[in-house]
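Since the structure comes first, as structure tokens, the remarks are kept for the end.
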Amino acid sequence: MSQAVVLVVDDNAENRALAQATLEDEDYRVVLAPSGEAGIAAFEREHPDCVLLDVRMPGMDGVVACQRMRALPGGTDVPILFVTAQRDVDTFDRAKLAGGDDYITKPFRPNELVMRVEAAMKLRRISAERTELYELIRKQRDDVMRLQLQREQLIAFLVHDLKNPVHAIELNAQRVARDPGATERGRSAASQIQSDTRALSRMIGNLLDLSKDDEGALAPKLDRVVLPPLVADIVTAMEVRARASNVTLEVDAPALAAKADADLVRRVIENIVDNAIRHAPEDSSVRISARLVDSRVEIRIADAGAGIPEELRAQVFERFVRGTSGRAGHGLGLAFCKVATAAQGGSIWIEDANPGTIFVVRFDAA
């Protein structure tokens with residue numbers, strides 16, 4: 001049986017090399033083209049079994065190249081998959097109208113690329129026998145992809161358009177809290193508004209960084225982060241939230257320093273402390289501690305809540321997975337913690353507190 005031929009059309013040499021290595025490992029013969037024009041020439045010459053096509057290229061872009069390939073003899077029978085960093089609905093719709101069979105967003109995982117190529121080739125074979133079934137499967141897949149891109153655009157809109165008004169609300173609340181002429185009740189309300197807007201800012205930041213991680217754009221700036229002042233600032237910021245839940249914050253953070261991104265570390269700890277406060281019983285405490293373990297700094301946040309069963313501990317770090325507690329969050333905070341910690345070369349896991357839960361975050365010591 002002869003090798004299946006995959007034509008890869010991309011103006012970026014690194015992208016071509018990655019696709020080639022990935023597909024050749026699966027015994028495909030790979031033909032490379034650095035432009036839309038070269039891709040059309042290779043299509044006519046090689047008669048490929050599948051095409052991977054970038055969208056943005058100098059000269060002829062991928063959408064036009066796809067239309068030209070479809071017009072060539074045998075062009076309607078070859079699956080064409082767009083592989084692009086463009087994550088907007090308009091580009092997806094253009095690719096679909098041009099005759100694209102699938103739409104893969106960069107950065108992609110090698111095994112995902114192989115699976116999508118195999119699926120596209122199988123669907124094309126099915127289409128020759130059962131056109132109605134093929135069109136139904138393709139429509140359902142396209143609908144799912146379109147919804148995913150719309151969700152990403154909505155998240156981007158919410159993140160960028162909410163940041164400024166939320167910041168303005170917090171600044172005005174600060175002014176009221178510091179106004180010597182304000183009543184005690186007014187200052188208390190302003191403090192609560194500050195706490196709530198910080199929580200909203202944290203949620204917006206989580207969405208933004210999860211979106212960056214999807215695009216491979218989350219790039220931490222690693223530096224020396226000294227823990228005691230950082231933890232002290234976090235406790236001050238979370239004090240109102242803890243007091244409203246009748247929870248005490250305790251700290252045992254010796255003079256240790258981690259090699260990390262200060263902003264990301266702060267938000268990781270804030271998200272875990274917020275989660276701990278929501279699940280801690282009234283009149284209990286949430287304890288933030290740190291220690292040095294094998295040349296790594298280990299930060300531990302413990303609560304005395306109901307705990308998390310061992311079989312569910314990996315799941316709580318997935319997006320939109322919420323706890324069973326009536327005070328469960330939105331399923332984003334812990335997902336952000338996992339992504340942000342891994343991006344800094346750290347690790348995060350859960351241990352028993354007997355009773356309660358301990359979240360453990362570990363970074364390289366600085």
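Labels for the structure tokens follow display order: chains A, B, ..., residues from 1 in each chain, ligands from 1.
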
**Item:** Residues within 8 Å of Phe82 in chain A, only C-alpha atoms, excluding chain neighbours under 6 positions, as JSON, numbers by chain
**Value:** {"A": [52, 53, 54, 55, 62, 95, 100, 101, 102, 103, 104]}

**Request:** Considering only C-alpha atoms, return as JSON, numbers by chain whatever protein or nucleic-acid residues lie within 12 Å of Met115 in chain A, sequence-local ones (same chain, fewer than 6 positions apart) excluded.
**Result:** {"A": [22, 23, 26, 81, 102, 104, 108, 109, 121, 122]}

**Request:** May I have all residues of range 202-350 of chain A that DSSP, computed from the backbone, assigns to alpha helix (DSSP H), given as number ranges by chain?
**Result:** A: 202-214, 227-244, 262-279, 333-343

**Item:** Within 8 Å of range 259-265 of chain A using only C-alpha atoms, minus same-chain residues under 5 positions, as an NGL selection string
**Value:** :A and (220-225 or 340-341 or 344 or 363-366)

**Message:** Can you measure CA of Cys337 in chain A to CA of Gln192 in chain A for me? One decimal in Å is fine.
**Reply:** 24.6 Å

**Asked** Leaving out Ala85 in chain A and any residue of its chain fewer than 6 positions from it, which residues lie within 12 Å of it when counting only C-alpha atoms, given as a ChimeraX atom specification?
**Response** /A:10,12,15,53-57,91-92,103-108,149,214-217
